[in-house]
Amino acid sequence: MNRYETVFIATPVLSDAQLKELFGKFRGVITENGGQIVNEEEWGLKNLAYPIQKKTTGYYFLLEFSAEGDIVNKLETAYRRDERIIRFLTFRLDKYAIEYAEKRKNQLNKKKEE
């Protein structure tokens with residue numbers, strides 16, 4: 001199984017309930033197709049570097065998961081079909097990226113504990 005990381009940006013006009021439903025939808029796509037969630041983060045509302053669909057902000061989400069390679073096509077198809085998603089990026093992590101992701105996750109956990 002490979003490790004993947006996907007970041008997607010949702011439109012800024014959604015309510016908190018809609019954002020949670022959207023995040024749960026894509027977690028479900030991963031788990032229903034045999035993937036396992038390793039880490040998930042909600043980065044919140046951030047400014048975009050340039051306007052996309054006349055929007056200057058978006059809600060950022062990160063999902064790190066392990067799965068077989070065919071799941072990426074299914075996940076990206078789900079992103080394309082959902083009009084609430086502005087942009088997305090999915091990539092496979094190599095051993096150095098996995099090491100970095102683990103360090104970053106541990107640092108975030110330490111900050112939450114404090």
# chains A, B, ... in the order shown; residues from 1 in each chain; ligands from 1
>>> select_by_dssp(residues="chain A", states="helix (DSSP H, G or I)", output="NGL selection string")
:A and (16-32 or 70-81 or 95-113)
>>> residues_around(residues="range 19-36 of chain A", least_positions_apart="4", cutoff="12 Å", atoms="only C-alpha atoms", output="JSON, numbers by chain")
{"A": [1, 2, 3, 4, 5, 6, 7, 8, 9, 10, 11, 12, 13, 14, 15, 40, 41, 42, 43, 44, 45, 58, 59, 60, 61, 62, 63, 64, 65, 66, 67, 68, 69, 70, 71, 72, 73, 74, 75, 76, 77, 78, 79, 80, 81, 82, 83, 84, 85, 88]}
>>> residues_around(residues="range 97-113 of chain A", least_positions_apart="2", cutoff="8 Å", atoms="only C-alpha atoms", output="ChimeraX atom specification")
/A:3,39,93-95
>>> write_last_selection(atoms="N, CA and C atoms", output="PDB file, in the first residue's frame")
ATOM      1  N   ARG A   3       1.328   5.505   0.514  1.00  0.00           N
ATOM      2  CA  ARG A   3       0.811   6.609   1.333  1.00  0.00           C
ATOM      3  C   ARG A   3       0.551   7.790   0.413  1.00  0.00           C
ATOM      4  N   ASN A  39      -3.986  10.627   8.811  1.00  0.00           N
ATOM      5  CA  ASN A  39      -4.044  11.940   9.450  1.00  0.00           C
ATOM      6  C   ASN A  39      -5.047  12.798   8.695  1.00  0.00           C
ATOM      7  N   LEU A  93       3.333   9.969  -1.325  1.00  0.00           N
ATOM      8  CA  LEU A  93       4.448  10.371  -0.476  1.00  0.00           C
ATOM      9  C   LEU A  93       5.599   9.376  -0.605  1.00  0.00           C
ATOM     10  N   ASP A  94       6.815   9.886  -0.771  1.00  0.00           N
ATOM     11  CA  ASP A  94       7.982   9.015  -0.730  1.00  0.00           C
ATOM     12  C   ASP A  94       8.429   8.890   0.727  1.00  0.00           C
ATOM     13  N   LYS A  95       9.524   8.163   0.970  1.00  0.00           N
ATOM     14  CA  LYS A  95       9.921   7.889   2.350  1.00  0.00           C
ATOM     15  C   LYS A  95      10.300   9.165   3.103  1.00  0.00           C
TER      16      LYS A  95
END
>>> select_by_dssp(residues="chain A", states="strand (DSSP E)", output="ChimeraX atom specification")
/A:2-10,36-52,55-67,85-92
>>> write_last_selection(atoms="N, CA and C atoms", output="compact mmCIF listing (two decimals), in the first residue's frame")
# COMPACT_ATOMS: atom_id res chain seq x y z
N ASN A 2 0.46 2.23 -0.75
CA ASN A 2 1.17 3.50 -0.82
C ASN A 2 0.55 4.51 0.14
N ARG A 3 1.33 5.50 0.51
CA ARG A 3 0.81 6.61 1.33
C ARG A 3 0.55 7.79 0.41
N TYR A 4 -0.58 8.42 0.59
CA TYR A 4 -0.98 9.56 -0.22
C TYR A 4 -1.37 10.71 0.68
N GLU A 5 -1.30 11.90 0.11
CA GLU A 5 -1.77 13.09 0.80
C GLU A 5 -2.60 13.87 -0.21
N THR A 6 -3.77 14.30 0.22
CA THR A 6 -4.62 15.09 -0.65
C THR A 6 -5.05 16.35 0.09
N VAL A 7 -4.98 17.44 -0.63
CA VAL A 7 -5.44 18.74 -0.12
C VAL A 7 -6.52 19.21 -1.06
N PHE A 8 -7.65 19.67 -0.48
CA PHE A 8 -8.68 20.23 -1.33
C PHE A 8 -9.21 21.51 -0.72
N ILE A 9 -9.70 22.38 -1.60
CA ILE A 9 -10.21 23.69 -1.20
C ILE A 9 -11.70 23.72 -1.51
N ALA A 10 -12.48 24.02 -0.48
CA ALA A 10 -13.94 24.12 -0.63
C ALA A 10 -14.34 25.58 -0.75
N GLN A 36 -7.10 3.65 4.34
CA GLN A 36 -7.07 3.87 5.77
C GLN A 36 -6.56 5.28 6.02
N ILE A 37 -7.33 6.08 6.78
CA ILE A 37 -6.96 7.46 7.08
C ILE A 37 -5.83 7.44 8.11
N VAL A 38 -4.72 8.14 7.81
CA VAL A 38 -3.58 8.23 8.71
C VAL A 38 -3.65 9.54 9.50
N ASN A 39 -3.99 10.63 8.81
CA ASN A 39 -4.04 11.94 9.45
C ASN A 39 -5.05 12.80 8.69
N GLU A 40 -5.75 13.64 9.42
CA GLU A 40 -6.68 14.58 8.79
C GLU A 40 -6.58 15.91 9.52
N GLU A 41 -6.63 16.97 8.73
CA GLU A 41 -6.51 18.31 9.30
C GLU A 41 -7.47 19.25 8.58
N GLU A 42 -8.07 20.13 9.33
CA GLU A 42 -8.86 21.23 8.76
C GLU A 42 -8.05 22.49 8.96
N TRP A 43 -7.58 23.07 7.87
CA TRP A 43 -6.74 24.25 7.96
C TRP A 43 -7.57 25.52 8.06
N GLY A 44 -8.84 25.45 7.73
CA GLY A 44 -9.72 26.59 7.88
C GLY A 44 -9.75 27.51 6.67
N LEU A 45 -10.35 28.68 6.88
CA LEU A 45 -10.52 29.67 5.82
C LEU A 45 -9.20 30.42 5.59
N LYS A 46 -8.74 30.40 4.36
CA LYS A 46 -7.49 31.08 4.01
C LYS A 46 -7.69 31.85 2.71
N ASN A 47 -6.86 32.87 2.53
CA ASN A 47 -6.87 33.63 1.28
C ASN A 47 -6.22 32.80 0.18
N LEU A 48 -6.77 32.90 -1.01
CA LEU A 48 -6.19 32.23 -2.17
C LEU A 48 -5.11 33.12 -2.78
N ALA A 49 -4.15 32.53 -3.42
CA ALA A 49 -3.08 33.29 -4.05
C ALA A 49 -3.62 34.12 -5.23
N TYR A 50 -4.65 33.62 -5.87
CA TYR A 50 -5.29 34.31 -6.99
C TYR A 50 -6.76 33.92 -7.00
N PRO A 51 -7.63 34.75 -7.54
CA PRO A 51 -9.06 34.42 -7.55
C PRO A 51 -9.35 33.17 -8.38
N ILE A 52 -10.21 32.32 -7.84
CA ILE A 52 -10.67 31.13 -8.53
C ILE A 52 -12.19 31.19 -8.53
N LYS A 55 -13.72 33.88 -6.49
CA LYS A 55 -13.62 33.76 -5.03
C LYS A 55 -12.17 34.02 -4.63
N THR A 56 -11.98 34.74 -3.53
CA THR A 56 -10.63 35.06 -3.07
C THR A 56 -10.24 34.30 -1.82
N THR A 57 -11.18 33.54 -1.22
CA THR A 57 -10.90 32.72 -0.04
C THR A 57 -11.46 31.32 -0.25
N GLY A 58 -11.01 30.39 0.58
CA GLY A 58 -11.51 29.02 0.51
C GLY A 58 -11.16 28.27 1.78
N TYR A 59 -11.92 27.22 2.07
CA TYR A 59 -11.64 26.35 3.22
C TYR A 59 -10.70 25.24 2.78
N TYR A 60 -9.57 25.12 3.45
CA TYR A 60 -8.56 24.12 3.12
C TYR A 60 -8.69 22.90 4.03
N PHE A 61 -8.55 21.73 3.44
CA PHE A 61 -8.59 20.46 4.16
C PHE A 61 -7.45 19.58 3.68
N LEU A 62 -6.90 18.77 4.60
CA LEU A 62 -5.83 17.84 4.26
C LEU A 62 -6.22 16.46 4.76
N LEU A 63 -6.05 15.46 3.92
CA LEU A 63 -6.25 14.05 4.29
C LEU A 63 -4.99 13.28 3.91
N GLU A 64 -4.43 12.58 4.86
CA GLU A 64 -3.29 11.70 4.59
C GLU A 64 -3.80 10.28 4.78
N PHE A 65 -3.56 9.42 3.79
CA PHE A 65 -4.11 8.07 3.85
C PHE A 65 -3.20 7.07 3.18
N SER A 66 -3.41 5.80 3.50
CA SER A 66 -2.69 4.71 2.83
C SER A 66 -3.71 3.88 2.09
N ALA A 67 -3.37 3.54 0.84
CA ALA A 67 -4.31 2.81 0.00
C ALA A 67 -3.59 2.31 -1.25
N ILE A 85 -16.15 21.96 -4.47
CA ILE A 85 -14.69 21.89 -4.46
C ILE A 85 -14.13 22.83 -5.52
N ILE A 86 -13.25 23.74 -5.08
CA ILE A 86 -12.64 24.70 -6.01
C ILE A 86 -11.40 24.10 -6.66
N ARG A 87 -10.50 23.55 -5.84
CA ARG A 87 -9.26 22.94 -6.32
C ARG A 87 -8.91 21.75 -5.44
N PHE A 88 -8.08 20.85 -5.99
CA PHE A 88 -7.59 19.70 -5.22
C PHE A 88 -6.25 19.27 -5.77
N LEU A 89 -5.50 18.59 -4.92
CA LEU A 89 -4.20 18.05 -5.32
C LEU A 89 -3.96 16.79 -4.50
N THR A 90 -3.63 15.70 -5.16
CA THR A 90 -3.33 14.43 -4.51
C THR A 90 -1.97 13.95 -5.01
N PHE A 91 -1.13 13.51 -4.09
CA PHE A 91 0.17 12.99 -4.50
C PHE A 91 0.62 11.88 -3.57
N ARG A 92 1.48 11.02 -4.11
CA ARG A 92 2.03 9.89 -3.35
C ARG A 92 3.24 10.38 -2.58
